file query-v6.txt (compact mmCIF, C-alpha atoms and all ligand atoms)
# COMPACT_ATOMS: atom_id res chain seq x y z
CA MET A 1 -59.02 10.85 -54.25
CA ALA A 2 -60.14 14.36 -53.38
CA VAL A 3 -57.53 16.90 -52.36
CA VAL A 4 -57.91 17.69 -48.67
CA ALA A 5 -58.41 21.44 -48.54
CA GLU A 6 -59.35 21.60 -44.88
CA THR A 7 -58.87 18.93 -42.25
CA ALA A 8 -61.59 17.71 -39.88
CA LYS A 9 -62.75 20.06 -37.14
CA ARG A 10 -61.77 18.37 -33.88
CA LEU A 11 -64.84 18.49 -31.69
CA TYR A 12 -63.05 16.85 -28.72
CA TYR A 13 -60.86 19.96 -28.33
CA ASP A 14 -63.73 22.00 -26.88
CA SER A 15 -66.52 19.55 -26.16
CA ALA A 16 -66.99 16.34 -24.18
CA ALA A 17 -69.85 15.24 -26.48
CA LEU A 18 -69.39 11.70 -27.77
CA GLU A 19 -72.16 11.83 -30.42
CA PHE A 20 -71.92 14.07 -33.45
CA ASP A 21 -73.16 14.54 -37.01
CA ALA A 22 -70.66 14.77 -39.85
CA VAL A 23 -70.19 14.33 -43.59
CA VAL A 24 -67.67 12.01 -45.27
CA THR A 25 -65.12 14.19 -47.09
CA ASP A 26 -62.72 11.53 -48.37
CA ILE A 27 -62.16 7.78 -48.53
CA ARG A 28 -59.14 5.69 -49.45
CA LEU A 29 -58.12 2.05 -49.23
CA ASP A 30 -55.61 1.37 -46.50
CA SER A 31 -52.42 0.44 -48.34
CA ARG A 32 -51.00 -1.61 -45.44
CA ASP A 33 -54.12 -3.75 -45.44
CA ALA A 34 -54.07 -4.32 -49.23
CA SER A 35 -51.04 -6.61 -48.78
CA SER A 36 -52.52 -8.34 -45.73
CA PRO A 37 -53.14 -12.08 -46.33
CA ASP A 38 -56.28 -12.04 -44.12
CA LYS A 39 -59.16 -10.77 -46.21
CA SER A 40 -61.87 -12.51 -44.18
CA ALA A 41 -62.70 -9.39 -42.17
CA GLY A 42 -63.16 -7.28 -45.33
CA GLN A 43 -60.87 -4.61 -46.69
CA LEU A 44 -59.78 -1.78 -44.46
CA TRP A 45 -60.84 1.70 -45.53
CA GLN A 46 -59.79 5.10 -44.23
CA ILE A 47 -62.52 7.70 -43.96
CA ALA A 48 -62.13 11.44 -43.41
CA LEU A 49 -65.00 13.55 -41.99
CA ASP A 50 -65.64 17.30 -41.97
CA ARG A 51 -65.81 17.16 -38.15
CA THR A 52 -65.05 14.45 -35.62
CA ALA A 53 -65.21 13.68 -31.90
CA PHE A 54 -62.94 10.63 -32.40
CA TYR A 55 -59.53 11.14 -30.83
CA PRO A 56 -56.67 9.93 -33.07
CA GLU A 57 -53.62 8.31 -31.50
CA GLY A 58 -51.21 10.91 -30.14
CA GLY A 59 -49.31 12.22 -27.13
CA GLY A 60 -49.08 8.75 -25.59
CA GLN A 61 -52.89 8.40 -25.65
CA PRO A 62 -54.45 5.64 -27.82
CA TRP A 63 -57.23 6.28 -30.34
CA ASP A 64 -60.97 6.17 -29.72
CA THR A 65 -63.16 3.45 -31.16
CA GLY A 66 -66.91 3.51 -31.85
CA VAL A 67 -69.30 3.45 -34.81
CA LEU A 68 -70.37 5.63 -37.71
CA VAL A 69 -74.06 5.29 -38.55
CA ALA A 70 -75.20 6.18 -42.07
CA THR A 71 -78.85 6.32 -43.16
CA ALA A 72 -79.72 5.34 -46.74
CA ARG A 73 -82.48 7.15 -48.72
CA SER A 74 -84.63 4.05 -48.14
CA GLY A 75 -84.38 4.71 -44.40
CA ALA A 76 -82.17 1.65 -43.76
CA THR A 77 -79.28 2.30 -41.40
CA LEU A 78 -75.75 1.04 -41.82
CA GLU A 79 -73.56 0.74 -38.73
CA VAL A 80 -69.87 0.91 -39.49
CA PRO A 81 -67.50 0.11 -36.59
CA VAL A 82 -64.45 2.38 -36.29
CA GLU A 83 -61.45 0.15 -35.48
CA ARG A 84 -58.76 2.78 -35.09
CA VAL A 85 -58.21 6.49 -35.71
CA GLU A 86 -54.98 8.13 -36.83
CA GLU A 87 -53.78 11.57 -37.79
CA ASP A 88 -51.59 11.88 -40.89
CA GLU A 89 -48.68 14.28 -41.49
CA HIS A 90 -51.08 16.87 -42.97
CA GLY A 91 -53.20 16.90 -39.81
CA GLU A 92 -56.10 14.94 -41.35
CA VAL A 93 -57.91 12.46 -39.09
CA TRP A 94 -58.55 9.04 -40.67
CA HIS A 95 -61.21 6.65 -39.33
CA TYR A 96 -60.42 2.98 -40.11
CA VAL A 97 -63.48 0.97 -41.11
CA ARG A 98 -64.33 -2.29 -42.97
CA LYS A 99 -67.22 -0.89 -45.02
CA PRO A 100 -66.74 1.92 -47.54
CA LEU A 101 -68.77 5.14 -47.12
CA VAL A 102 -68.63 7.40 -50.15
CA GLU A 103 -67.80 11.09 -50.09
CA GLY A 104 -70.84 13.19 -49.16
CA THR A 105 -72.46 10.51 -46.96
CA GLU A 106 -74.03 11.98 -43.83
CA VAL A 107 -73.16 10.01 -40.72
CA THR A 108 -73.72 10.13 -36.97
CA GLY A 109 -70.63 9.23 -35.01
CA HIS A 110 -70.78 7.46 -31.63
CA VAL A 111 -67.54 7.31 -29.65
CA ASN A 112 -67.12 4.33 -27.28
CA ALA A 113 -67.65 6.10 -23.92
CA THR A 114 -66.12 3.40 -21.68
CA ARG A 115 -62.83 3.41 -23.57
CA ARG A 116 -62.74 7.24 -23.80
CA VAL A 117 -63.44 7.76 -20.08
CA ASP A 118 -60.76 5.21 -19.17
CA HIS A 119 -58.22 6.99 -21.39
CA GLU A 120 -59.21 10.38 -19.96
CA GLN A 121 -58.70 9.08 -16.42
CA GLN A 122 -55.23 7.64 -17.16
CA HIS A 123 -54.14 10.66 -19.24
CA SER A 124 -55.45 13.31 -16.79
CA GLY A 125 -53.99 11.25 -13.93
CA GLN A 126 -50.64 11.44 -15.68
CA HIS A 127 -50.89 15.26 -15.87
CA LEU A 128 -51.57 15.32 -12.14
CA LEU A 129 -48.84 12.84 -11.20
CA SER A 130 -46.27 14.65 -13.35
CA ALA A 131 -47.16 17.94 -11.65
CA VAL A 132 -46.89 16.39 -8.17
CA PHE A 133 -43.60 14.56 -8.92
CA LEU A 134 -42.19 17.93 -10.02
CA ARG A 135 -43.57 19.84 -7.01
CA GLU A 136 -42.64 17.27 -4.35
CA LEU A 137 -39.40 15.80 -5.71
CA GLY A 138 -38.23 18.11 -8.53
CA ALA A 139 -38.55 15.12 -10.90
CA GLN A 140 -39.32 15.98 -14.54
CA THR A 141 -41.50 13.77 -16.75
CA ALA A 142 -39.54 12.71 -19.84
CA SER A 143 -42.26 10.56 -21.43
CA PHE A 144 -45.60 8.87 -20.83
CA HIS A 145 -47.16 5.66 -22.10
CA LEU A 146 -50.78 4.62 -21.70
CA GLY A 147 -50.87 0.81 -21.73
CA SER A 148 -53.78 -1.62 -21.87
CA ALA A 149 -53.45 -2.57 -18.17
CA PHE A 150 -51.05 -0.05 -16.62
CA SER A 151 -49.55 3.26 -17.67
CA THR A 152 -46.02 4.51 -17.10
CA ILE A 153 -44.23 7.82 -16.60
CA ASP A 154 -40.49 8.04 -17.21
CA LEU A 155 -38.96 10.46 -14.72
CA ALA A 156 -35.66 12.32 -14.81
CA LEU A 157 -34.77 12.75 -11.14
CA ARG A 158 -33.37 15.94 -9.63
CA GLU A 159 -29.59 16.25 -9.97
CA GLY A 160 -27.87 14.42 -7.14
CA GLN A 161 -30.80 12.03 -6.60
CA ASP A 162 -30.29 8.52 -7.94
CA ARG A 163 -33.33 6.64 -6.64
CA LEU A 164 -36.87 7.01 -5.30
CA SER A 165 -37.61 5.79 -1.80
CA ASP A 166 -40.86 4.10 -0.77
CA ALA A 167 -41.59 7.09 1.49
CA GLU A 168 -41.20 9.53 -1.43
CA LEU A 169 -43.49 7.45 -3.65
CA SER A 170 -46.12 7.29 -0.89
CA ARG A 171 -45.88 11.07 -0.43
CA VAL A 172 -46.51 11.65 -4.15
CA GLU A 173 -49.36 9.12 -4.19
CA ASP A 174 -51.06 10.75 -1.18
CA ALA A 175 -50.61 14.30 -2.52
CA ALA A 176 -52.02 13.34 -5.95
CA ASN A 177 -55.06 11.65 -4.38
CA GLU A 178 -55.70 14.69 -2.16
CA ILE A 179 -55.90 16.84 -5.31
CA VAL A 180 -58.34 14.28 -6.72
CA PHE A 181 -60.56 14.78 -3.65
CA GLU A 182 -60.43 18.57 -4.14
CA GLY A 183 -62.26 18.19 -7.49
CA ARG A 184 -60.28 20.90 -9.26
CA PRO A 185 -61.65 21.78 -12.72
CA PHE A 186 -59.77 21.36 -15.99
CA TYR A 187 -60.06 24.35 -18.38
CA THR A 188 -59.04 24.62 -22.03
CA HIS A 189 -57.53 27.87 -23.38
CA TRP A 190 -56.50 28.73 -26.92
CA VAL A 191 -53.54 31.12 -26.91
CA GLN A 192 -51.44 32.73 -29.63
CA PRO A 193 -47.84 31.42 -29.97
CA GLU A 194 -46.42 34.68 -28.52
CA MET A 195 -48.49 34.18 -25.36
CA ALA A 196 -47.48 30.52 -25.16
CA HIS A 197 -43.79 31.49 -25.39
CA LEU A 198 -44.31 34.10 -22.66
CA MET A 199 -45.88 31.42 -20.45
CA LEU A 200 -42.86 29.19 -21.15
CA GLU A 201 -40.45 31.99 -20.16
CA ARG A 202 -42.44 32.67 -16.97
CA GLY A 203 -42.24 28.97 -16.09
CA ASP A 204 -46.03 28.46 -16.35
CA LEU A 205 -45.40 25.92 -19.12
CA ARG A 206 -42.61 23.35 -19.12
CA LYS A 207 -42.49 22.75 -22.88
CA LEU A 208 -44.22 23.67 -26.12
CA PRO A 209 -45.10 21.45 -29.07
CA LYS A 210 -43.58 22.24 -32.47
CA ARG A 211 -46.86 23.49 -33.94
CA GLU A 212 -47.84 26.63 -35.76
CA GLY A 213 -50.90 28.76 -35.01
CA PRO A 214 -52.94 28.99 -31.79
CA MET A 215 -51.99 26.53 -29.09
CA ARG A 216 -54.26 24.55 -26.84
CA ILE A 217 -53.35 25.00 -23.20
CA VAL A 218 -55.00 22.72 -20.65
CA GLN A 219 -55.22 24.14 -17.14
CA MET A 220 -55.71 22.08 -14.00
CA GLN A 221 -56.88 24.82 -11.67
CA GLY A 222 -54.22 25.80 -9.16
CA ILE A 223 -51.90 22.97 -10.22
CA GLU A 224 -50.50 23.44 -13.74
CA PHE A 225 -50.80 24.60 -17.35
CA ASN A 226 -49.92 22.12 -20.07
CA ALA A 227 -49.78 22.48 -23.87
CA CYS A 228 -51.75 19.35 -24.78
CA GLY A 229 -54.07 18.16 -27.55
CA GLY A 230 -55.44 15.17 -25.62
CA THR A 231 -58.77 14.51 -23.93
CA HIS A 232 -59.23 15.16 -20.21
CA VAL A 233 -61.78 14.67 -17.44
CA ALA A 234 -63.87 17.68 -16.32
CA THR A 235 -62.48 17.81 -12.76
CA THR A 236 -59.68 16.01 -10.90
CA GLY A 237 -62.38 14.14 -8.96
CA SER A 238 -63.29 12.23 -12.14
CA ILE A 239 -59.76 10.80 -12.35
CA GLY A 240 -60.77 8.55 -9.44
CA ALA A 241 -58.21 6.82 -7.23
CA ILE A 242 -54.58 7.00 -8.31
CA THR A 243 -52.28 4.16 -7.35
CA LEU A 244 -48.54 3.87 -7.97
CA ARG A 245 -47.36 0.35 -8.76
CA ARG A 246 -43.79 -0.79 -9.32
CA ILE A 247 -40.81 1.31 -10.33
CA GLU A 248 -37.82 0.29 -12.41
CA LYS A 249 -34.60 1.86 -13.62
CA VAL A 250 -34.59 2.62 -17.34
CA ARG A 251 -31.90 4.15 -19.52
CA GLN A 252 -33.20 7.72 -19.24
CA GLY A 253 -34.24 7.63 -15.55
CA TRP A 254 -36.92 5.88 -13.53
CA ARG A 255 -40.11 4.33 -14.89
CA VAL A 256 -43.11 4.55 -12.55
CA GLU A 257 -46.09 2.31 -13.27
CA PHE A 258 -49.49 3.64 -12.19
CA CYS A 259 -53.21 3.28 -12.76
CA CYS A 260 -56.24 5.49 -12.17
CA GLY A 261 -60.02 5.27 -11.84
CA LEU A 262 -61.67 1.87 -12.28
CA ARG A 263 -58.31 0.38 -13.27
CA ALA A 264 -57.02 1.20 -9.76
CA VAL A 265 -60.07 -0.50 -8.23
CA ARG A 266 -59.61 -3.59 -10.44
CA ALA A 267 -55.88 -3.76 -9.68
CA ALA A 268 -56.56 -3.58 -5.92
CA ARG A 269 -59.23 -6.30 -6.27
CA GLU A 270 -56.84 -8.56 -8.22
CA ASP A 271 -54.04 -8.00 -5.67
CA HIS A 272 -56.47 -8.87 -2.86
CA ARG A 273 -57.58 -12.04 -4.70
CA LEU A 274 -53.98 -13.17 -5.22
CA LEU A 275 -52.94 -12.45 -1.64
CA GLY A 276 -56.10 -14.17 -0.33
CA GLY A 277 -55.27 -17.29 -2.39
CA ILE A 278 -51.72 -17.43 -1.04
CA ALA A 279 -52.90 -16.90 2.55
CA LYS A 280 -55.43 -19.72 2.18
CA THR A 281 -52.80 -22.11 0.80
CA LEU A 282 -50.52 -21.26 3.72
CA SER A 283 -53.41 -21.43 6.23
CA VAL A 284 -52.62 -18.01 7.71
CA GLY A 285 -54.19 -14.55 7.66
CA ALA A 286 -53.11 -12.17 4.84
CA ALA A 287 -51.03 -10.07 7.24
CA ASP A 288 -49.03 -13.16 8.31
CA VAL A 289 -48.13 -14.19 4.73
CA PRO A 290 -44.65 -12.51 4.63
CA GLU A 291 -43.58 -14.09 7.94
CA ARG A 292 -44.87 -17.53 6.94
CA VAL A 293 -43.18 -17.39 3.51
CA GLU A 294 -39.90 -16.34 5.14
CA SER A 295 -40.13 -19.19 7.67
CA LEU A 296 -40.93 -21.71 4.88
CA LEU A 297 -37.94 -20.51 2.85
CA GLU A 298 -35.67 -20.86 5.88
CA LYS A 299 -37.02 -24.36 6.60
CA GLY A 300 -36.47 -25.25 2.93
CA LYS A 301 -32.87 -24.04 3.08
CA ALA A 302 -32.21 -25.96 6.31
CA ALA A 303 -33.80 -29.11 4.80
CA ALA A 304 -31.65 -28.82 1.66
CA LYS A 305 -28.55 -28.48 3.87
CA GLU A 306 -29.60 -31.58 5.85
CA VAL A 307 -30.18 -33.60 2.66
CA LYS A 308 -26.72 -32.62 1.39
CA LYS A 309 -25.18 -33.66 4.72
CA LEU A 310 -27.00 -37.02 4.70
CA GLN A 311 -26.06 -37.66 1.07
CA GLY A 312 -22.40 -37.15 2.05
CA GLU A 313 -22.76 -39.60 4.93
CA LEU A 314 -24.50 -42.13 2.69
CA ARG A 315 -21.71 -41.88 0.11
CA ARG A 316 -19.09 -42.45 2.81
CA PHE A 317 -21.07 -45.46 4.05
CA GLU A 318 -21.33 -46.89 0.51
CA ILE A 319 -17.52 -46.48 -0.02
CA ALA A 320 -16.88 -48.22 3.29
CA GLU A 321 -19.19 -51.09 2.20
CA ASP A 322 -17.35 -51.35 -1.15
CA VAL A 323 -13.93 -51.66 0.44
CA LYS A 324 -15.00 -54.15 3.16
CA PRO A 325 -13.30 -57.53 2.55
CA ALA A 326 -15.73 -60.23 1.41
ZN ZN A 401 -53.33 16.26 -21.73
call {"tool": "encode", "arguments": {"input": "query-v6.txt", "output": "structure tokens", "more": "lines below"}}
Ligand SMILES: [Zn+2]
result
Amino acid sequence: MAVVAETAKRLYYDSAALEFDAVVTDIRLDSRDASSPDKSAGQLWQIALDRTAFYPEGGGQPWDTGVLVATARSGATLEVPVERVEEDEHGEVWHYVRKPLVEGTEVTGHVNATRRVDHEQQHSGQHLLSAVFLRELGAQTASFHLGSAFSTIDLALREGQDRLSDAELSRVEDAANEIVFEGRPFYTHWVQPEMAHLMLERGDLRKLPKREGPMRIVQMQGIEFNACGGTHVATTGSIGAITLRRIEKVRQGWRVEFCCGLRAVRAAREDHRLLGGIAKTLSVGAADVPERVESLLEKGKAAAKEVKKLQGELRRFEIAEDVKPA
């Protein structure tokens, strides 16, 4: 295995391009896969490139997928799907594939745009929601998770506050969506550590990663600065609709579930479908579902009470029958 002198140039830091040319700089067999009993899919290889637009897992954001296309001298092309992408402790980016590509192979990388855009919407939406939760309620974001259906933010509430009301959640949701409509641009700045520490002292940044060298600061114009290595949309408008879902108490504070962009549209559609189904079963309009369910529950309770009463009467009747002289 070649010694990695320089790690891959990360094209996604400064460019939204999802197609790029690169050269394979290293390849190794994935050790975890070597012990895997399922060999039907082919062995798993890790490939390093001199430059890449593939985002590796990090900062709560999942990895990109896509393909690497290599062209043989004969002109034949080989399409190699990229299953996952990870960064190792040395900062190298490894692309996980099922076909080996030897060092020096020239490839064209194609990042799956649908998956990337979705991740950008959820991740940028999280930046925005975290900024609005802080501005409106003084709630700090402790952590973020981007899930396959919904994403979550764990909030540490302001001292003295022990819960979030529906009105507060609606206020945050409205304010975040208004900033979406404003279409504020995202900018990327590279700053020296001294400058980053100055921004932290001034309160422009809330925290800094433990990294050496220049730092990547992502600015949402007029809203916040954030030291972040993730991928973002070009303007807040591209986040699309933001919708807050349920909240729950967790050990370190409150977990708020949310979704952005097309996920928000799909979630609303699914909610509508479910509610429509229930309304149809109950033969009422959607708006009358809560009242009808409440009335059915009350009728059920009253019926259960009546059954219990009648069972008691029946038992007494049976005892009386038993003791009657023949
Ligand atoms: Zn970010």
call {"tool": "axis_aligned_box", "arguments": {"input": "query-v6.txt", "around": "range 257-274 of chain A", "padding_each_side": "3 Å", "output": "JSON"}}
result
{"center_x": -53.9, "center_y": -3.8, "center_z": -8.1, "size_x": 21.6, "size_y": 24.7, "size_z": 16.4}
call {"tool": "residues_around", "arguments": {"input": "query-v6.txt", "residues": "Gly59 in chain A", "least_positions_apart": "5", "cutoff": "12 Å", "atoms": "only C-alpha atoms", "output": "list in words"}}
result
Glu86, Glu87, His119, His123, Gln126, His127, Ser143, Phe144, His145, Leu146, Pro209, Ala227, Cys228, Gly229, Gly230 and Thr231 of chain A
call {"tool": "residues_around", "arguments": {"input": "query-v6.txt", "residues": "range 160-167 of chain A", "least_positions_apart": "6", "cutoff": "10 Å", "atoms": "all atoms listed in the file", "output": "PDB file with C-alpha atoms, keeping the file's coordinate frame"}}
result
ATOM      1  CA  LEU A 137     -39.400  15.800  -5.710  1.00  0.00           C
ATOM      2  CA  GLY A 138     -38.230  18.110  -8.530  1.00  0.00           C
ATOM      3  CA  ALA A 139     -38.550  15.120 -10.900  1.00  0.00           C
ATOM      4  CA  GLU A 173     -49.360   9.120  -4.190  1.00  0.00           C
ATOM      5  CA  ILE A 247     -40.810   1.310 -10.330  1.00  0.00           C
ATOM      6  CA  GLU A 248     -37.820   0.290 -12.410  1.00  0.00           C
ATOM      7  CA  LYS A 249     -34.600   1.860 -13.620  1.00  0.00           C
ATOM      8  CA  GLY A 253     -34.240   7.630 -15.550  1.00  0.00           C
ATOM      9  CA  TRP A 254     -36.920   5.880 -13.530  1.00  0.00           C
ATOM     10  CA  VAL A 256     -43.110   4.550 -12.550  1.00  0.00           C
TER      11      VAL A 256
END
call {"tool": "atom_distance", "arguments": {"input": "query-v6.txt", "atom1": "CA of Tyr96 in chain A", "atom2": "CA of Thr65 in chain A"}}
result
9.4 Å
call {"tool": "atom_distance", "arguments": {"input": "query-v6.txt", "atom1": "CA of Thr52 in chain A", "atom2": "CA of Leu101 in chain A"}}
result
15.3 Å
call {"tool": "atom_distance", "arguments": {"input": "query-v6.txt", "atom1": "CA of Glu89 in chain A", "atom2": "CA of Ala48 in chain A"}}
result
13.9 Å
call {"tool": "decode", "arguments": {"input": "query-v6.txt", "residues": "range 222-248 of chain A", "atoms": "C-alpha atoms", "output": "PDB file, in the first residue's frame"}}
result
ATOM      1  CA  GLY A 222     -27.463  38.183   8.217  1.00  0.00           C
ATOM      2  CA  ILE A 223     -28.204  35.112  10.354  1.00  0.00           C
ATOM      3  CA  GLU A 224     -25.052  33.336  11.544  1.00  0.00           C
ATOM      4  CA  PHE A 225     -21.465  32.169  11.069  1.00  0.00           C
ATOM      5  CA  ASN A 226     -20.701  28.515  11.676  1.00  0.00           C
ATOM      6  CA  ALA A 227     -17.419  26.566  11.586  1.00  0.00           C
ATOM      7  CA  CYS A 228     -18.577  23.642   9.447  1.00  0.00           C
ATOM      8  CA  GLY A 229     -17.113  21.210   6.910  1.00  0.00           C
ATOM      9  CA  GLY A 230     -20.474  20.027   5.551  1.00  0.00           C
ATOM     10  CA  THR A 231     -22.313  20.712   2.310  1.00  0.00           C
ATOM     11  CA  HIS A 232     -24.952  23.455   2.105  1.00  0.00           C
ATOM     12  CA  VAL A 233     -27.547  24.854  -0.280  1.00  0.00           C
ATOM     13  CA  ALA A 234     -26.742  28.087  -2.173  1.00  0.00           C
ATOM     14  CA  THR A 235     -29.497  30.182  -0.562  1.00  0.00           C
ATOM     15  CA  THR A 236     -31.975  29.632   2.279  1.00  0.00           C
ATOM     16  CA  GLY A 237     -34.724  29.442  -0.365  1.00  0.00           C
ATOM     17  CA  SER A 238     -33.310  26.100  -1.541  1.00  0.00           C
ATOM     18  CA  ILE A 239     -33.881  24.579   1.910  1.00  0.00           C
ATOM     19  CA  GLY A 240     -37.584  24.539   0.992  1.00  0.00           C
ATOM     20  CA  ALA A 241     -40.312  24.267   3.616  1.00  0.00           C
ATOM     21  CA  ILE A 242     -39.235  23.528   7.179  1.00  0.00           C
ATOM     22  CA  THR A 243     -41.624  21.646   9.422  1.00  0.00           C
ATOM     23  CA  LEU A 244     -41.183  20.789  13.098  1.00  0.00           C
ATOM     24  CA  ARG A 245     -42.589  17.405  14.084  1.00  0.00           C
ATOM     25  CA  ARG A 246     -42.708  15.909  17.565  1.00  0.00           C
ATOM     26  CA  ILE A 247     -40.576  16.808  20.559  1.00  0.00           C
ATOM     27  CA  GLU A 248     -39.416  14.558  23.371  1.00  0.00           C
TER      28      GLU A 248
END
